[in-house]
Every structure is written in structure tokens, then in C-alpha cells.
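model03.tsv follows; it contains TSV, C-alpha atoms and all ligand atoms.
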```tsv
chain	number	residue	atom	x	y	z
G	1	MET	CA	-138.52	77.27	30.59
G	2	LYS	CA	-139.61	78.39	34.04
G	3	PRO	CA	-136.85	77.98	36.66
G	4	PHE	CA	-136.39	75.11	39.06
G	5	ALA	CA	-137.54	75.65	42.63
G	6	ASN	CA	-135.25	77.75	44.80
G	7	ILE	CA	-134.75	75.52	47.78
G	8	PRO	CA	-133.34	72.38	46.13
G	9	SER	CA	-131.24	74.54	43.82
G	10	GLN	CA	-129.64	76.13	46.87
G	11	ILE	CA	-128.61	72.91	48.60
G	12	PRO	CA	-124.81	73.13	48.70
G	13	ARG	CA	-122.77	70.45	47.04
G	14	SER	CA	-121.38	68.07	49.64
G	15	GLY	CA	-117.70	68.71	50.38
G	16	ILE	CA	-117.24	64.95	50.79
G	17	ARG	CA	-118.67	64.27	47.32
G	18	GLU	CA	-116.34	66.89	45.90
G	19	ILE	CA	-113.31	65.14	47.37
G	20	MET	CA	-114.63	61.74	46.24
G	21	ASP	CA	-114.95	62.98	42.66
G	22	LEU	CA	-111.46	64.42	42.79
G	23	ALA	CA	-110.15	61.18	44.33
G	24	TRP	CA	-111.59	59.15	41.44
G	25	ALA	CA	-109.86	61.47	38.97
G	26	VAL	CA	-106.52	61.21	40.83
G	27	GLU	CA	-106.96	57.44	41.06
G	28	LYS	CA	-106.66	57.16	37.28
G	29	GLU	CA	-102.99	58.07	37.72
G	30	LYS	CA	-102.00	56.75	41.14
G	31	PRO	CA	-103.48	54.74	44.01
G	32	VAL	CA	-105.54	56.68	46.54
G	33	ILE	CA	-106.10	55.88	50.22
G	34	HIS	CA	-109.76	56.53	50.92
G	35	LEU	CA	-110.43	57.93	54.38
G	36	GLU	CA	-113.23	60.25	53.30
G	37	VAL	CA	-116.20	57.91	53.12
G	38	GLY	CA	-118.44	57.12	56.09
G	39	GLN	CA	-119.36	53.65	54.95
G	40	PRO	CA	-118.30	50.42	56.71
G	41	ASP	CA	-115.64	48.66	54.63
G	42	PHE	CA	-116.78	45.24	55.87
G	43	ALA	CA	-118.92	42.99	53.70
G	44	THR	CA	-122.49	42.54	54.88
G	45	PRO	CA	-122.35	39.44	57.17
G	46	GLU	CA	-123.04	36.25	55.31
G	47	HIS	CA	-126.04	35.06	57.35
G	48	ILE	CA	-127.76	38.38	56.53
G	49	VAL	CA	-127.00	38.04	52.83
G	50	ASP	CA	-128.33	34.45	52.93
G	51	ALA	CA	-131.54	35.63	54.60
G	52	THR	CA	-131.94	38.37	51.98
G	53	CYS	CA	-131.63	35.91	49.10
G	54	ARG	CA	-134.10	33.58	50.77
G	55	TYR	CA	-136.66	36.36	51.22
G	56	VAL	CA	-136.27	37.46	47.59
G	57	ARG	CA	-136.79	33.87	46.41
G	58	GLU	CA	-139.81	33.50	48.64
G	59	GLY	CA	-141.36	36.44	46.81
G	60	HIS	CA	-141.02	39.29	49.31
G	61	THR	CA	-140.50	41.65	46.41
G	62	LYS	CA	-143.76	43.59	46.60
G	63	TYR	CA	-145.09	46.64	48.43
G	64	VAL	CA	-145.20	46.43	52.22
G	65	PRO	CA	-147.11	48.54	54.82
G	66	ASN	CA	-146.18	52.24	55.11
G	67	ALA	CA	-144.73	51.77	58.59
G	68	GLY	CA	-142.70	48.69	57.67
G	69	VAL	CA	-143.11	44.91	57.98
G	70	ASN	CA	-144.23	43.62	61.37
G	71	PRO	CA	-141.26	41.32	62.05
G	72	LEU	CA	-138.90	44.30	61.74
G	73	ARG	CA	-141.09	46.64	63.77
G	74	GLN	CA	-141.15	44.00	66.50
G	75	ALA	CA	-137.39	43.34	66.30
G	76	ALA	CA	-136.62	47.06	66.39
G	77	ALA	CA	-138.95	47.48	69.39
G	78	ARG	CA	-136.99	44.75	71.21
G	79	TYR	CA	-133.73	46.44	70.16
G	80	PHE	CA	-134.73	49.77	71.73
G	81	GLN	CA	-136.31	48.24	74.82
G	82	GLU	CA	-133.29	46.04	75.59
G	83	ARG	CA	-130.88	48.95	75.27
G	84	SER	CA	-132.91	51.62	77.07
G	85	GLY	CA	-135.04	49.62	79.51
G	86	ILE	CA	-138.01	51.70	78.31
G	87	GLU	CA	-141.09	49.78	77.24
G	88	THR	CA	-141.38	49.81	73.46
G	89	THR	CA	-143.89	48.05	71.22
G	90	SER	CA	-143.94	47.59	67.47
G	91	GLU	CA	-146.39	50.51	67.31
G	92	ASN	CA	-143.63	52.80	68.55
G	93	ILE	CA	-141.59	51.95	65.45
G	94	LEU	CA	-141.59	53.46	61.97
G	95	VAL	CA	-139.34	51.80	59.38
G	96	THR	CA	-137.97	54.10	56.69
G	97	PRO	CA	-135.71	53.68	53.65
G	98	GLY	CA	-132.52	54.56	55.55
G	99	ALA	CA	-132.17	56.57	58.75
G	100	VAL	CA	-131.83	59.64	56.54
G	101	MET	CA	-135.54	59.35	55.76
G	102	SER	CA	-136.39	58.93	59.45
G	103	ILE	CA	-134.69	62.27	60.04
G	104	ALA	CA	-136.36	64.00	57.09
G	105	SER	CA	-139.80	62.68	58.16
G	106	ALA	CA	-139.26	64.01	61.67
G	107	PHE	CA	-138.52	67.46	60.26
G	108	PHE	CA	-141.58	67.31	58.00
G	109	SER	CA	-143.80	66.01	60.80
G	110	LEU	CA	-142.74	68.53	63.44
G	111	LEU	CA	-141.62	71.79	61.84
G	112	GLU	CA	-143.54	74.63	60.23
G	113	PRO	CA	-141.74	77.11	57.95
G	114	GLY	CA	-139.85	79.55	60.19
G	115	ASP	CA	-139.66	77.16	63.16
G	116	GLU	CA	-136.19	76.88	64.60
G	117	VAL	CA	-134.29	73.65	64.95
G	118	LEU	CA	-131.15	73.41	67.07
G	119	LEU	CA	-128.44	71.59	65.13
G	120	PRO	CA	-124.90	70.64	66.17
G	121	ASP	CA	-121.89	72.42	64.64
G	122	PRO	CA	-120.06	70.36	63.56
G	123	GLY	CA	-122.78	67.99	62.42
G	124	TRP	CA	-123.86	65.76	59.59
G	125	PRO	CA	-124.75	68.14	56.71
G	126	ASN	CA	-127.97	66.29	55.84
G	127	TYR	CA	-129.70	67.78	58.92
G	128	ASN	CA	-129.27	71.27	57.55
G	129	MET	CA	-130.37	70.17	54.08
G	130	ALA	CA	-133.57	68.62	55.47
G	131	ALA	CA	-134.33	71.77	57.49
G	132	SER	CA	-133.84	73.97	54.45
G	133	LEU	CA	-136.25	71.87	52.36
G	134	ILE	CA	-139.12	72.87	54.62
G	135	HIS	CA	-138.01	76.46	55.23
G	136	ALA	CA	-137.24	75.70	58.87
G	137	LYS	CA	-134.47	77.79	60.39
G	138	PRO	CA	-131.34	75.94	61.51
G	139	VAL	CA	-129.75	77.43	64.63
G	140	PHE	CA	-126.37	75.93	65.35
G	141	TYR	CA	-125.03	75.09	68.78
G	142	ASP	CA	-121.28	74.69	69.18
G	143	LEU	CA	-119.37	71.50	69.74
G	144	ARG	CA	-116.03	73.20	70.28
G	145	ALA	CA	-112.67	71.47	69.91
G	146	ASP	CA	-111.51	73.08	73.17
G	147	ASN	CA	-114.51	71.49	74.90
G	148	GLN	CA	-113.71	68.03	73.50
G	149	PHE	CA	-116.54	68.54	70.97
G	150	LEU	CA	-119.15	68.27	73.74
G	151	PRO	CA	-122.23	70.54	73.93
G	152	ASP	CA	-122.26	73.65	76.12
G	153	LEU	CA	-125.67	73.58	77.79
G	154	ASP	CA	-125.60	77.25	78.74
G	155	GLN	CA	-125.04	78.23	75.12
G	156	ILE	CA	-127.91	76.02	73.93
G	157	ASP	CA	-130.11	77.57	76.60
G	158	ARG	CA	-129.32	81.03	75.25
G	159	LEU	CA	-130.10	79.99	71.67
G	160	VAL	CA	-133.67	78.92	72.47
G	161	THR	CA	-136.37	81.35	71.28
G	162	PRO	CA	-140.18	81.10	71.22
G	163	ARG	CA	-139.82	79.64	67.67
G	164	THR	CA	-137.50	76.81	68.77
G	165	LYS	CA	-139.28	73.50	68.41
G	166	LEU	CA	-136.70	70.77	67.99
G	167	LEU	CA	-133.31	69.89	69.48
G	168	LEU	CA	-131.26	67.52	67.37
G	169	LEU	CA	-128.63	65.34	69.05
G	170	CYS	CA	-126.18	62.91	67.51
G	171	THR	CA	-124.30	60.47	69.73
G	172	PRO	CA	-121.92	58.84	68.90
G	173	SER	CA	-121.36	61.76	66.59
G	174	ASN	CA	-120.61	62.10	62.94
G	175	PRO	CA	-118.13	63.81	62.46
G	176	THR	CA	-116.52	64.01	65.94
G	177	GLY	CA	-116.95	60.43	67.16
G	178	GLN	CA	-117.78	61.85	70.58
G	179	VAL	CA	-120.24	60.09	72.87
G	180	TYR	CA	-122.45	61.86	75.43
G	181	ASP	CA	-122.36	60.35	78.91
G	182	ALA	CA	-125.35	60.13	81.26
G	183	GLU	CA	-124.66	63.51	82.83
G	184	VAL	CA	-124.55	65.35	79.49
G	185	MET	CA	-127.62	63.50	78.26
G	186	ARG	CA	-129.56	64.23	81.45
G	187	GLY	CA	-128.67	67.92	81.13
G	188	LEU	CA	-129.78	68.03	77.50
G	189	MET	CA	-133.07	66.33	78.26
G	190	GLN	CA	-133.73	68.64	81.22
G	191	LEU	CA	-133.12	71.59	78.91
G	192	ALA	CA	-135.57	70.16	76.38
G	193	ASN	CA	-138.16	69.72	79.15
G	194	ARG	CA	-137.65	73.23	80.45
G	195	HIS	CA	-138.23	74.75	77.00
G	196	ASP	CA	-140.77	72.17	75.83
G	197	LEU	CA	-138.70	71.05	72.83
G	198	TRP	CA	-139.01	67.90	70.81
G	199	VAL	CA	-135.76	65.91	70.78
G	200	LEU	CA	-134.56	64.02	67.74
G	201	SER	CA	-131.65	61.85	68.78
G	202	ASP	CA	-129.68	60.31	65.93
G	203	GLU	CA	-128.19	57.19	67.51
G	204	ILE	CA	-127.28	55.30	64.37
G	205	TYR	CA	-123.76	54.62	65.72
G	206	ALA	CA	-125.03	53.44	69.14
G	207	ASP	CA	-123.53	49.97	68.74
G	208	ILE	CA	-120.10	51.32	67.85
G	209	THR	CA	-118.68	52.59	71.15
G	210	PHE	CA	-115.16	51.96	72.41
G	211	GLY	CA	-115.24	52.62	76.12
G	212	ASP	CA	-118.30	53.30	78.21
G	213	GLY	CA	-121.49	52.08	76.60
G	214	HIS	CA	-123.93	54.25	74.73
G	215	VAL	CA	-126.43	56.40	76.63
G	216	SER	CA	-129.69	56.94	74.78
G	217	ALA	CA	-131.76	60.10	75.05
G	218	LEU	CA	-134.69	57.74	75.65
G	219	GLN	CA	-133.25	56.76	79.03
G	220	HIS	CA	-133.58	60.37	80.19
G	221	ASP	CA	-136.91	61.18	78.60
G	222	THR	CA	-139.51	61.71	81.29
G	223	ASP	CA	-142.52	62.62	79.15
G	224	GLY	CA	-142.31	61.14	75.64
G	225	ARG	CA	-140.74	64.05	73.77
G	226	THR	CA	-137.98	62.00	72.15
G	227	LEU	CA	-137.65	60.42	68.73
G	228	ILE	CA	-134.73	58.02	68.43
G	229	VAL	CA	-133.32	57.33	65.00
G	230	SER	CA	-131.27	54.25	64.22
G	231	GLY	CA	-130.85	51.74	61.42
G	232	MET	CA	-128.93	48.89	59.89
G	233	SER	CA	-126.39	50.78	57.78
G	234	LYS	CA	-123.52	51.20	60.19
G	235	SER	CA	-123.53	48.45	62.86
G	236	TYR	CA	-124.37	45.70	60.36
G	237	ALA	CA	-122.57	47.07	57.26
G	238	MET	CA	-125.86	47.23	55.37
G	239	THR	CA	-125.79	50.71	53.84
G	240	GLY	CA	-127.27	49.56	50.53
G	241	TYR	CA	-130.25	47.86	52.15
G	242	ARG	CA	-131.72	51.27	52.99
G	243	VAL	CA	-133.27	50.35	56.30
G	244	GLY	CA	-133.60	52.86	59.10
G	245	PHE	CA	-136.12	53.30	61.89
G	246	THR	CA	-137.56	55.81	64.32
G	247	ARG	CA	-138.72	54.97	67.83
G	248	GLY	CA	-141.33	57.48	68.97
G	249	PRO	CA	-144.69	58.05	70.66
G	250	LEU	CA	-147.66	56.31	69.03
G	251	ASP	CA	-149.32	59.47	67.66
G	252	TYR	CA	-146.03	60.58	66.10
G	253	ILE	CA	-145.47	57.18	64.45
G	254	GLU	CA	-148.99	57.21	63.03
G	255	LEU	CA	-148.47	60.67	61.54
G	256	ALA	CA	-144.98	60.00	60.15
G	257	SER	CA	-146.14	56.68	58.65
G	258	LYS	CA	-148.71	58.58	56.58
G	259	LEU	CA	-145.93	60.82	55.35
G	260	GLN	CA	-144.19	57.83	53.77
G	261	GLU	CA	-146.95	57.63	51.16
G	262	PRO	CA	-146.18	60.77	49.10
G	263	PHE	CA	-142.41	60.27	49.37
G	264	VAL	CA	-141.63	56.57	49.16
G	265	SER	CA	-144.90	54.71	49.93
G	266	CYS	CA	-142.92	52.09	51.80
G	267	GLY	CA	-139.49	50.53	52.11
G	268	THR	CA	-138.20	47.29	50.64
G	269	GLY	CA	-139.79	44.12	52.02
G	270	PHE	CA	-136.88	41.69	51.64
G	271	SER	CA	-134.40	44.25	53.07
G	272	GLN	CA	-136.66	44.76	56.06
G	273	LEU	CA	-137.20	41.04	56.70
G	274	ALA	CA	-133.46	40.36	56.49
G	275	SER	CA	-132.91	43.28	58.90
G	276	ALA	CA	-135.30	41.70	61.39
G	277	GLU	CA	-133.23	38.51	61.26
G	278	ALA	CA	-130.04	40.51	61.69
G	279	LEU	CA	-131.38	42.23	64.81
G	280	ASP	CA	-132.71	39.01	66.32
G	281	GLY	CA	-129.76	36.79	65.33
G	282	ALA	CA	-126.24	36.38	66.69
G	283	GLN	CA	-124.55	39.72	67.33
G	284	ASP	CA	-120.94	38.48	66.97
G	285	CYS	CA	-120.59	40.33	63.66
G	286	VAL	CA	-121.47	43.65	65.31
G	287	VAL	CA	-118.96	43.04	68.10
G	288	GLU	CA	-116.21	41.96	65.68
G	289	MET	CA	-116.64	45.07	63.52
G	290	ARG	CA	-116.76	47.33	66.57
G	291	ASP	CA	-113.56	45.78	67.96
G	292	ALA	CA	-111.83	46.25	64.61
G	293	TYR	CA	-112.86	49.94	64.57
G	294	ALA	CA	-111.54	50.34	68.13
G	295	GLN	CA	-108.19	48.87	67.14
G	296	ARG	CA	-107.97	51.11	64.06
G	297	MET	CA	-108.84	54.17	66.12
G	298	GLN	CA	-105.94	53.35	68.46
G	299	ILE	CA	-103.57	53.11	65.50
G	300	ALA	CA	-104.67	56.55	64.28
G	301	LEU	CA	-104.41	58.12	67.75
G	302	ASP	CA	-100.92	56.67	68.34
G	303	ILE	CA	-99.66	58.27	65.13
G	304	LEU	CA	-101.21	61.63	66.08
G	305	ARG	CA	-99.38	61.42	69.42
G	306	GLN	CA	-96.05	60.86	67.66
G	307	TYR	CA	-96.55	64.13	65.75
G	308	ASP	CA	-97.95	65.99	68.75
G	309	LEU	CA	-101.31	66.30	66.97
G	310	TYR	CA	-103.33	64.23	69.44
G	311	ARG	CA	-106.29	66.23	70.80
G	312	TYR	CA	-108.99	63.79	71.98
G	313	SER	CA	-110.12	60.17	71.86
G	314	PRO	CA	-113.48	59.61	70.15
G	315	GLY	CA	-115.79	57.41	72.22
G	316	GLY	CA	-117.38	55.74	69.20
G	317	ALA	CA	-118.64	55.89	65.60
G	318	ILE	CA	-116.13	55.56	62.77
G	319	TYR	CA	-114.74	59.08	62.63
G	320	LEU	CA	-111.90	61.19	63.99
G	321	LEU	CA	-111.32	64.90	63.52
G	322	ILE	CA	-107.69	65.86	63.04
G	323	ASP	CA	-106.49	69.36	63.87
G	324	ILE	CA	-104.67	70.80	60.84
G	325	ALA	CA	-104.58	74.44	62.05
G	326	ALA	CA	-100.76	74.40	62.23
G	327	SER	CA	-100.62	73.89	58.45
G	328	GLY	CA	-101.98	77.40	57.90
G	329	LEU	CA	-104.43	76.06	55.26
G	330	ASN	CA	-108.19	75.88	55.50
G	331	SER	CA	-109.60	72.35	55.52
G	332	HIS	CA	-110.78	72.43	51.90
G	333	ASP	CA	-107.37	73.48	50.55
G	334	PHE	CA	-105.61	71.08	52.88
G	335	ALA	CA	-107.79	68.14	51.74
G	336	THR	CA	-107.25	68.98	48.06
G	337	ARG	CA	-103.50	69.31	48.46
G	338	LEU	CA	-103.26	66.14	50.58
G	339	LEU	CA	-105.03	64.20	47.86
G	340	GLN	CA	-102.82	65.54	45.10
G	341	GLU	CA	-99.51	65.30	46.94
G	342	LYS	CA	-99.95	62.27	49.19
G	343	GLY	CA	-102.81	60.40	47.51
G	344	VAL	CA	-104.89	60.48	50.71
G	345	ALA	CA	-108.58	61.44	50.55
G	346	VAL	CA	-110.16	62.99	53.67
G	347	ALA	CA	-113.29	65.07	54.29
G	348	PRO	CA	-112.74	68.80	54.85
G	349	GLY	CA	-113.99	69.84	58.30
G	350	SER	CA	-115.77	72.87	56.84
G	351	THR	CA	-118.33	70.47	55.32
G	352	PHE	CA	-119.59	69.81	58.84
G	353	GLY	CA	-119.61	73.37	60.15
G	354	ALA	CA	-117.57	76.40	61.11
G	355	MET	CA	-116.46	74.82	64.39
G	356	CYS	CA	-114.13	72.38	62.65
G	357	ALA	CA	-113.08	74.39	59.62
G	358	ASP	CA	-109.47	73.87	60.76
G	359	HIS	CA	-109.85	70.10	61.00
G	360	VAL	CA	-110.21	67.25	58.56
G	361	ARG	CA	-112.37	64.21	59.22
G	362	ILE	CA	-111.06	60.74	58.62
G	363	SER	CA	-113.20	57.65	58.53
G	364	ILE	CA	-111.67	54.54	60.08
G	365	ALA	CA	-113.67	52.35	57.73
G	366	ALA	CA	-110.41	51.43	56.00
G	367	SER	CA	-107.68	48.81	56.49
G	368	GLU	CA	-105.15	49.26	59.32
G	369	ASP	CA	-102.44	49.72	56.72
G	370	HIS	CA	-104.34	52.48	54.96
G	371	ILE	CA	-105.08	54.20	58.25
G	372	ARG	CA	-101.39	54.04	59.18
G	373	GLN	CA	-100.25	55.44	55.82
G	374	GLY	CA	-103.07	57.98	55.58
G	375	VAL	CA	-102.74	59.45	59.07
G	376	THR	CA	-98.96	59.56	58.75
G	377	GLY	CA	-99.42	61.45	55.45
G	378	ILE	CA	-101.74	63.97	57.13
G	379	CYS	CA	-99.33	64.54	60.03
G	380	GLU	CA	-96.32	64.89	57.74
G	381	MET	CA	-98.13	67.45	55.65
G	382	VAL	CA	-99.25	69.51	58.66
G	383	ARG	CA	-95.72	69.61	60.04
G	384	ALA	CA	-94.10	70.30	56.64
G	385	LEU	CA	-96.45	73.19	55.89
G	386	GLU	CA	-95.93	74.56	59.39
G	387	ALA	CA	-92.17	74.55	58.87
G	388	ALA	CA	-92.36	76.05	55.36
Q	1	LIG	N1	-127.07	59.67	60.67
Q	1	LIG	C1	-125.75	59.86	60.63
Q	1	LIG	C2	-125.10	60.61	61.74
Q	1	LIG	C3	-124.98	59.37	59.57
Q	1	LIG	O1	-123.66	59.56	59.56
Q	1	LIG	C4	-125.63	58.68	58.52
Q	1	LIG	C5	-124.87	58.19	57.36
Q	1	LIG	O2	-123.74	58.55	57.11
Q	1	LIG	C6	-127.01	58.50	58.61
Q	1	LIG	C7	-127.71	59.01	59.69
Q	1	LIG	C8	-127.80	57.83	57.50
Q	1	LIG	O3	-127.81	56.48	57.54
Q	1	LIG	P1	-128.70	55.64	56.53
Q	1	LIG	O4	-127.75	54.92	55.63
Q	1	LIG	O5	-129.46	54.68	57.41
Q	1	LIG	O6	-129.59	56.56	55.80
```

Write out the structure in this file as C-alpha cells.
Ligand code: PLP
Amino acid sequence: MKPFANIPSQIPRSGIREIMDLAWAVEKEKPVIHLEVGQPDFATPEHIVDATCRYVREGHTKYVPNAGVNPLRQAAARYFQERSGIETTSENILVTPGAVMSIASAFFSLLEPGDEVLLPDPGWPNYNMAASLIHAKPVFYDLRADNQFLPDLDQIDRLVTPRTKLLLLCTPSNPTGQVYDAEVMRGLMQLANRHDLWVLSDEIYADITFGDGHVSALQHDTDGRTLIVSGMSKSYAMTGYRVGFTRGPLDYIELASKLQEPFVSCGTGFSQLASAEALDGAQDCVVEMRDAYAQRMQIALDILRQYDLYRYSPGGAIYLLIDIAASGLNSHDFATRLLQEKGVAVAPGSTFGAMCADHVRISIAASEDHIRQGVTGICEMVRALEAA
């Protein structure tokens, strides 16, 4: 048999999946506290579930337009316009099956093989995977722990070459939880202008911020070079609905809509219609979940302080990086040992990049009790290994 294609064969196995598999094996013998998964632990709000069932019963179970159903394109346009103050119409919106597809379509629509894309390190591994699928070259910019995981504009400036075409941003960030303020965002957008780069800003956690509100790249875009990615998965606990969207210039949306055809044709009609209702309806559920995440984050940070392992306070999202350097183990070995000895599953930092290879990522999409026990377990293990 002739071999499989090179590129998909080379995609590395996700370090999070590896820990999840191990956690399921350990769970056969003892209970495991799951802090590795980036999925809201809340049920999808009832009014959204009700709307979904209604749309299924009404027969919205067929193909829909490539770019998504109109009610959702309109609702998403209102969502972006209200938050950014920048005029947005339904034609600026492409609906995709999950934000992950919005990101992949942007890479396919913008990058030629050999083009360079600036990606954050640490960052969500799927960006790198998508770049590799089209032979684009990922160039990583640092989000260093000693800079509070914020970008260093001078370094990004130095990384730009004539082949650089796209700057990818993620705020609030997976895995750091950090949020870029207006000054950082302005600087990044000025840099993109100066070098004539497209900007792909992954803002899927925009509604989950704990202090100052979210600043969108769109607010600092002076000439329509920005694609904003968001979706329903995180703020509305709708990961299984597979609804994401991109807000972009009209010619981009037209092009990327065509790209849906060979990959997915279109998304799911009843998911999209229920999403439109979620965006247009009462937002109490979003606020309640966000407040619960904020409270859980405080619990985690207080425990880190007790063990002198506090380093920074994430401004949003559902993640926190914990510094395990004092343990003397790399993050993969630490995560494996933590799972076996303490029954706590976390994501090794190395999964997200070299910059946090001495950290582990916890997700606060877990009960307060589990966060308390899990973070205490991490701190105890760091200090015990340090003393050994
Ligand atoms: N962007 C980031 C930063 C994420 O963490 C995730 C999911 O974990 C996504 C995008 C994908 O979301 P979706 O479920 O809409 O594909």
C-alpha cells in the first residue's frame, strides 16, 4: 500500500489527549480530579436547549447556506458591533462548524506554502497544526512568564520577514488566561499596519474576563486587516453545538465561505438557529458562568500564594499556568506523576510551547472543591520534590 500523506502523519499527538487517556486508565482504580480539559463544566443553559429542540422539531435538519443561516449572521454582527463599536453587517460574518474551522479557513484563505505566520508561544496547539497542513511556516513569538505572559513588541518586530503574512493573537489567552489591554492591542495593530500583516484575533474567550473588560483587535484596526474569531463553545457552554464565526471584510468572507464547500459544505442549521437565540436572548447565563470562573480562579490563586507559587493573575478565560520549575521535573513528567500519585490530571505546559515547558496548565472548568484539592495537590508535589 502506498503511504499516507506526510503532513497529517506528522501532526504531533496532543499532550492533553495523552493525559486524558492516562486519566481514564487511572480512573478505573481511583477517582481522578480533572483539571486538564478546556471545556466548560456547566450544562448548556436550558432556554438554549429548548430552542434547539424546537428547531429540530420544526425541521431545521437540512443543509443551510455555506456562510451560515441569516438569523445567526445577523445576531453575530450585532454581537461584534455592540462590543467593538465598529459597524458590522451580516455580510461581515462567516459561520463555521466551531471556531477551530474559522481559524483553519483563515489559514487556507490567506497563506501560501512557505508564508510565515506569527504564532504565540505558549499558544493553543491547533494553530500550529493548521499552519502545518498548508505548509505555512510557523514563527513563534514569546509570551514569557517573566513578562506576565504578555507579548514583547520589539521581538515580534524583529521576527517579521518579507514572507510574514499573518499575525495571530489570542486574548483572553489559552493557555495563559492573560488579557491584552488597549495599549498592548494598539501596539500590536500598529505593528501589523507597519508591516502590512493580516491579523487573526482569536477572541473566543472575550466574554470571560475578570477585571477590565475585553479589548478587541477590531477596535484598533484602522484599515480592515483584522479577522476576529469567536463562537458559542466557551461563553455559552455549547462546545458540542460546533458553532463558531469569523468577522471580517466582505471580500474575505465571500472567499472563506466558498472554502466551506470542499471541507464541510455548511454547518448545522438547528445549532446555528439556537445560537442566534442565545446571542439575542438574556445574557444572565454568561454572567453567572463568568462570575463562577472568577471565584474559582481566586480560590486557585489563594492556594498558590500559601505555597509561595503565585506568579500572576489571569485576566480571563478558564486557564491558569502554574510554575512547577522548583520540582526539577519537566511538565510532561510532572503531569504524569501528579496523576499517578495524587489523582490530579493537568495539561503539561510543553504542549503549548517551549515558553511554558516548566509550567502546567489547569482549567478552572471544575468544581470549587476539585480546584481546591487539585491545586493543593500540585503545590504539595512541587514543594515535596523540591525538598527531596
Ligand atoms: N480558540 C481557542 C483559544 C480555544 O481554546 C478553543 C477551544 O479550546 C477554540 C478556539 C475552539 O473552539 P470551538 O469549540 O468553537 O472550535

| Can I get the residues close to ligand LIG 1 (chain Q) as a ChimeraX atom specification, where close means within 8 Å and we count only C-alpha atoms and all ligand atoms? | /G:38-39,97-101,103,123-124,170,173-175,202-205,229-234,238-240,242-244

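We find atom CA of Val56 of chain G and atom CA of Cys285 of chain G to be spaced 22.6 Å apart.
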
| task | Might you pull out every residue within 9 Å of Ala294 of chain G, with only C-alpha atoms counted and same-chain residues fewer than 2 positions away left off, and present them as number ranges by chain? | result | G: 208-210, 289-292, 296-299, 316, 318

At a cut-off of 9 Å, using all atoms listed in the file, what residues contact Asp146 of chain G? Leave out same-chain residues fewer than 3 positions from it and give the result as a compact mmCIF listing (two decimals) with C-alpha atoms, keeping the file's coordinate frame.
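See part_24.txt below for the written result:
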```txt
# COMPACT_ATOMS: atom_id res chain seq x y z
CA LEU G 143 -119.37 71.50 69.74
CA PHE G 149 -116.54 68.54 70.97
CA ARG G 311 -106.29 66.23 70.80
```

| said: I'd like the neighbourhood of Asn70 of chain G as a ChimeraX atom specification, where a residue qualifies if any of its atoms comes within 12 Å (using all atoms listed in the file), though same-chain residues fewer than 3 positions away should be ignored. | reply: /G:64-67,73-77,89-95,269,272-273,275-276

| message | Let me make sure I understand: among G:Leu218, G:Cys356, G:Ala104, G:Leu227, which one has the smallest atom-to-atom distance to Asn126 of chain G if we use all atoms listed in the file? | response |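 So, comparing all the options, the nearest one is G:Ala104.
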
| Which one is closest to Asp212 of chain G: G:His60, G:Gly315, G:Asp157, G:Asp251? Count only C-alpha atoms. | G:Gly315

| query | How many Å lie between atom CA of Arg361 of chain G and atom CA of Leu321 of chain G, rounded to one decimal? | reply | 4.5 Å

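Distances from G:Ser331, G:Thr61, G:Thr96, G:Gln10 to Glu261 of chain G were compared using only C-alpha atoms, and the smallest one belongs to G:Thr96.
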
| note | re atom CA of Gln190 of chain G and atom CA of Ala256 of chain G: distance 25.4 Å

| Surrounding residues of Asp115 of chain G excluding itself and chain neighbours under 3 positions, 7 Å, only C-alpha atoms, as a PyMOL selection string | chain G and resi 111-112+136-137+163-165

Box time for segment 111-115 of chain G: axis-aligned, enclosing all its listed atoms, 4 Å extra on each side; report centre and edge lengths in Å to one decimal, as lines of an AutoDock Vina configuration file.
```
center_x = -141.6
center_y = 75.7
center_z = 60.6
size_x = 11.9
size_y = 15.8
size_z = 13.2
```

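Of the residues under consideration (G:Glu277, G:Asp302, G:Glu341, G:Ala130), G:Asp302 shows the shortest atom-to-atom contact distance to Arg372 of chain G when counting only C-alpha atoms.
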
| field | Near-Glu380 of chain G list (12 Å; all atoms listed in the file; drop same-chain fewer than 2 positions) as an NGL selection string | value | :G and (303-304 or 306-309 or 324 or 326-327 or 338 or 341-342 or 344 or 373-378 or 382-387)

Go ahead and dump the residues you just picked, C-alpha atoms, as a short mmCIF file (atom, residue, chain, number, x, y, z; two decimals), in the frame of the given file.
```cif
data_model
loop_
_atom_site.label_atom_id
_atom_site.label_comp_id
_atom_site.auth_asym_id
_atom_site.auth_seq_id
_atom_site.Cartn_x
_atom_site.Cartn_y
_atom_site.Cartn_z
CA ILE G 303 -99.66 58.27 65.13
CA LEU G 304 -101.21 61.63 66.08
CA GLN G 306 -96.05 60.86 67.66
CA TYR G 307 -96.55 64.13 65.75
CA ASP G 308 -97.95 65.99 68.75
CA LEU G 309 -101.31 66.30 66.97
CA ILE G 324 -104.67 70.80 60.84
CA ALA G 326 -100.76 74.40 62.23
CA SER G 327 -100.62 73.89 58.45
CA LEU G 338 -103.26 66.14 50.58
CA GLU G 341 -99.51 65.30 46.94
CA LYS G 342 -99.95 62.27 49.19
CA VAL G 344 -104.89 60.48 50.71
CA GLN G 373 -100.25 55.44 55.82
CA GLY G 374 -103.07 57.98 55.58
CA VAL G 375 -102.74 59.45 59.07
CA THR G 376 -98.96 59.56 58.75
CA GLY G 377 -99.42 61.45 55.45
CA ILE G 378 -101.74 63.97 57.13
CA VAL G 382 -99.25 69.51 58.66
CA ARG G 383 -95.72 69.61 60.04
CA ALA G 384 -94.10 70.30 56.64
CA LEU G 385 -96.45 73.19 55.89
CA GLU G 386 -95.93 74.56 59.39
CA ALA G 387 -92.17 74.55 58.87
#
```

| said: Restricting the calculation to only C-alpha atoms: of G:Pro348, G:Gly85, G:Pro120, G:Pro249, which residue gets closest to Val215 of chain G? | reply: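 For Val215 of chain G, the nearest of the given residues is G:Gly85.
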
| query | Hey, which of G:Pro113, G:Pro3, G:Gly213, G:Pro40 ends up closest to Ile364 of chain G? Count all atoms listed in the file. | reply |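 When distances to Ile364 of chain G are compared using all atoms listed in the file, the smallest one comes from G:Pro40.
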
| field | Spatial sel., origin (-125.2, 75.3, 74.7), limit 12 Å, all atoms listed in the file, listed as a PyMOL selection string | value | chain G and resi 118-121+139-144+147+149-160+167+169+184+187-188+191-192
